[in-house]
Amino acid sequence: MNLQEVLKQVRQQQFESVYLVQGTEDYLSELFKTELMSQLIKTEDDQFNYSSFDMEEVSLSMAMEEADTIPFFGDYRLVFIENPYFLTAERRTNAIEHDIDSLLKYLEQPSPTTILVFCANVEKLDERKKITKALKKKAEVVEVNPMGEREVRQYVEQTIQSEGYDIRPEAFDLLLLLTDLNLSKIMGELQKLFLYASDNKIITLNSVKELVPKSLEHNVFDLTNDVLSGNGEKAIQLYEDLLLQGEETIKLNAILLTQIRLFLQTKILAKLGYQQANIAETLKVHPYRVKLALQQVRHFGLERLEAIYDELVENDFHMKTGKMDKELLFELFILKLSGQTSR
């Protein structure tokens with residue numbers, strides 16, 4: 001069942017005995033957990049009916065004992081099981097030996113007064129395991145996987161509108177770019193933007209620029225764009241700013257190398273007829289990054305990108321061996337490349 005349907009049931013006080021929340025989108029996972037708690041933990045006495053157990057630190061048998069306990073002055077006991085790695089194929093050294101049989105026995109007849117929630121923040125579970133099969137058969141599975149670009153846009157737009165705000169198109173695009181289309185990051189930044197625009201309820205491009213920080217990768221992305229567009233002066237200024245912020249030239253060169261590698265791979269796969277979604281799946285990168293790369297590589301030939309990549313590899317070698325001053329080497333690279341592009 002999808003998250004919205006489950007949330008609707010929870011708000012109507014229709015609860016399942018066991019839930020399995022599985023996926024890597026933290027915001028959606030927390031949204032479900034928060035909604036459950038708001039419906040069940042309303043008074044100070046209700047706090048006695050809430051427990052959370054981290055399977056990396058506490059034995060499963062302790063959680064099962066709690067699940068079997070009658071609620072204290074309430075209708076339900078709410079028990080969260082965090083990091084249930086025994087549902088995955090992951091093998092750990094010095095890990096707690098969990099009593100899986102106690103869970104299997106519990107699942108045969110769950111307590112009618114307990115809501116047991118397994119929070120598996122992983123891409124996939126080990127479907128071959130007996131415990132995984134038993135849990136998926138008995139539990140209401142709530143998928144909280146990362147959304148695609150269209151779904152994220154729709155969700156964020158609806159959220160902004162429901163809060164009574166409006167956002168300019170260019171501001172919306174920049175917000176998605178700076179947050180890497182990560183829903184958790186977007187929702188966190190929106191709270192600042194709402195507060196900033198509380199007077200007129202309009203989120204502008206300037207407000208996004210002022211309030212949403214750029215990651216190092218985004219700064220290097222801007223650096224790449226400046227270099228490839230022939231704007232050497234702007235690229236040098238950004239490079240010097242990053243140095244003042246404590247960034248290392250070798251690290252910047254490495255990230256730039258990664259960026260050009262993505263451009264190269266995207267260019268090659270696009271020439272082979274791959275579409276955006278296929279490229280993202282093949283390269284194991286976010287579709288939005290592929291979309292931006294496709295827009296950029298249209299202006300450059302394959303040989304040109306290969307030459308840039310080779311030079312960055314050579315610079316990396318010279319920097320690490322100390323054959324040349326790394327700052328001077330990187331600045332010369334920027335000026336040389338931007339000069340070639342501007343001609």
# chains A, B, ... in the order shown; residues from 1 in each chain; ligands from 1
>>> select_by_dssp(residues="stretch 34-152 of chain A", states="helix (DSSP H, G or I)", output="number ranges by chain")
A: 34-40, 45-49, 60-67, 85-87, 100-108, 130-138, 149-152
>>> select_by_dssp(residues="stretch 104-185 of chain A", states="strand (DSSP E)", output="compact mmCIF listing (two decimals) with all heavy atoms, in the first residue's frame")
# COMPACT_ATOMS: atom_id res chain seq x y z
N THR A 114 -1.03 -3.94 20.50
CA THR A 114 0.30 -3.41 20.18
C THR A 114 0.40 -3.11 18.68
O THR A 114 -0.07 -3.89 17.85
CB THR A 114 1.41 -4.40 20.56
OG1 THR A 114 1.46 -4.55 21.97
CG2 THR A 114 2.78 -3.92 20.07
N ILE A 115 0.99 -1.99 18.38
CA ILE A 115 1.31 -1.65 16.98
C ILE A 115 2.82 -1.72 16.85
O ILE A 115 3.55 -0.91 17.43
CB ILE A 115 0.78 -0.26 16.61
CG1 ILE A 115 -0.75 -0.24 16.71
CG2 ILE A 115 1.22 0.13 15.20
CD1 ILE A 115 -1.36 1.12 16.54
N LEU A 116 3.29 -2.72 16.13
CA LEU A 116 4.71 -3.00 15.98
C LEU A 116 5.18 -2.51 14.61
O LEU A 116 4.62 -2.92 13.59
CB LEU A 116 4.96 -4.50 16.12
CG LEU A 116 6.40 -4.99 16.09
CD1 LEU A 116 7.22 -4.39 17.24
CD2 LEU A 116 6.44 -6.52 16.14
N VAL A 117 6.18 -1.63 14.60
CA VAL A 117 6.62 -0.99 13.36
C VAL A 117 8.10 -1.29 13.12
O VAL A 117 8.96 -0.92 13.93
CB VAL A 117 6.41 0.53 13.40
CG1 VAL A 117 6.77 1.15 12.05
CG2 VAL A 117 4.99 0.87 13.78
N PHE A 118 8.40 -1.94 12.00
CA PHE A 118 9.77 -2.21 11.60
C PHE A 118 10.20 -1.14 10.60
O PHE A 118 9.55 -0.96 9.57
CB PHE A 118 9.90 -3.60 10.95
CG PHE A 118 9.72 -4.73 11.93
CD1 PHE A 118 8.45 -5.16 12.28
CD2 PHE A 118 10.83 -5.34 12.50
CE1 PHE A 118 8.28 -6.20 13.18
CE2 PHE A 118 10.67 -6.38 13.42
CZ PHE A 118 9.39 -6.81 13.76
N CYS A 119 11.29 -0.44 10.91
CA CYS A 119 11.77 0.66 10.06
C CYS A 119 13.06 0.22 9.37
O CYS A 119 14.14 0.30 9.95
CB CYS A 119 12.00 1.91 10.88
SG CYS A 119 10.53 2.45 11.81
N ALA A 120 12.92 -0.25 8.14
CA ALA A 120 14.07 -0.76 7.38
C ALA A 120 14.51 0.28 6.35
O ALA A 120 13.95 0.35 5.25
CB ALA A 120 13.72 -2.08 6.70
N GLU A 140 1.68 -4.83 7.18
CA GLU A 140 1.30 -3.87 6.15
C GLU A 140 2.59 -3.21 5.68
O GLU A 140 3.25 -2.51 6.44
CB GLU A 140 0.36 -2.81 6.73
CG GLU A 140 -0.09 -1.77 5.73
CD GLU A 140 -1.01 -2.33 4.67
OE1 GLU A 140 -2.14 -2.72 5.01
OE2 GLU A 140 -0.58 -2.39 3.49
N VAL A 141 2.97 -3.46 4.44
CA VAL A 141 4.23 -2.94 3.92
C VAL A 141 4.02 -1.52 3.40
O VAL A 141 3.16 -1.28 2.54
CB VAL A 141 4.79 -3.84 2.78
CG1 VAL A 141 6.10 -3.27 2.25
CG2 VAL A 141 4.99 -5.27 3.29
N VAL A 142 4.80 -0.60 3.94
CA VAL A 142 4.72 0.81 3.55
C VAL A 142 6.01 1.17 2.84
O VAL A 142 7.08 1.21 3.45
CB VAL A 142 4.53 1.72 4.78
CG1 VAL A 142 4.34 3.18 4.34
CG2 VAL A 142 3.35 1.25 5.62
N GLU A 143 5.93 1.42 1.54
CA GLU A 143 7.13 1.72 0.76
C GLU A 143 7.42 3.22 0.82
O GLU A 143 6.55 4.04 0.55
CB GLU A 143 6.96 1.27 -0.68
CG GLU A 143 6.85 -0.24 -0.84
CD GLU A 143 6.84 -0.68 -2.29
OE1 GLU A 143 6.84 0.21 -3.18
OE2 GLU A 143 6.84 -1.89 -2.53
N ASP A 166 3.52 30.85 -2.57
CA ASP A 166 3.76 30.73 -4.01
C ASP A 166 5.27 30.79 -4.22
O ASP A 166 5.98 31.44 -3.44
CB ASP A 166 3.08 31.88 -4.76
CG ASP A 166 3.17 31.71 -6.28
OD1 ASP A 166 3.34 30.55 -6.73
OD2 ASP A 166 3.09 32.72 -7.00
N ILE A 167 5.76 30.11 -5.25
CA ILE A 167 7.20 30.12 -5.54
C ILE A 167 7.41 30.41 -7.01
O ILE A 167 6.73 29.85 -7.87
CB ILE A 167 7.86 28.77 -5.13
CG1 ILE A 167 9.39 28.86 -5.31
CG2 ILE A 167 7.27 27.60 -5.88
CD1 ILE A 167 10.14 27.68 -4.69
>>> closest_atom_pairs(of="stretch 127-221 of chain A", to="stretch 254-272 of chain A", cutoff="12 Å", atoms="only C-alpha atoms", output="CSV")
residue,atom,partner,partner_atom,distance
A:Ser215,CA,A:Ile255,CA,11.9
A:Leu216,CA,A:Ile255,CA,8.8
A:Glu217,CA,A:Ile255,CA,7.0
A:His218,CA,A:Ile255,CA,10.1
A:Asn219,CA,A:Leu256,CA,10.1
A:Val220,CA,A:Leu256,CA,6.3
A:Phe221,CA,A:Gln259,CA,7.3
>>> residues_around(residues="stretch 323-333 of chain A", least_positions_apart="2", cutoff="10 Å", atoms="only C-alpha atoms", output="VMD selection string")
chain A and resid 227 232 235 to 236 239 to 240 243 248 to 250 252 to 253 308 311 to 312 315 to 321 335 to 339
>>> residues_around(residues="stretch 15-21 of chain A", least_positions_apart="6", cutoff="10 Å", atoms="only C-alpha atoms", output="JSON, numbers by chain")
{"A": [3, 6, 7, 9, 28, 29, 30, 32, 33, 36, 76, 78, 79, 80, 81, 107, 109, 110, 111, 112, 113, 114, 115, 116, 117, 118, 119, 120, 121, 122, 135, 136, 138, 139, 140, 141, 142, 143, 144, 145]}
>>> closest_residue(among="A:Ser229, A:Gln13, A:Ser61, A:Thr24", to="A:Met37", atoms="only C-alpha atoms")
A:Gln13
>>> closest_residue(among="A:Glu149, A:Asp310, A:Glu108, A:Asp26", to="A:Ala277", atoms="only C-alpha atoms")
A:Glu149
>>> residues_around(residues="A:Glu151", least_positions_apart="6", cutoff="12 Å", atoms="only C-alpha atoms", output="VMD selection string")
chain A and resid 145 157 to 158 181 to 183
>>> closest_residue(among="A:Leu228, A:Val290, A:Leu103, A:Ile202", to="A:Leu305", atoms="only C-alpha atoms")
A:Leu228
>>> atom_distance(atom1="atom CA of A:Met55", atom2="atom CA of A:Thr88")
12.6 Å
>>> atom_distance(atom1="atom CA of A:Gln154", atom2="atom CA of A:Glu210")
24.1 Å
>>> atom_distance(atom1="atom CA of A:Asp54", atom2="atom CA of A:Glu82")
4.7 Å
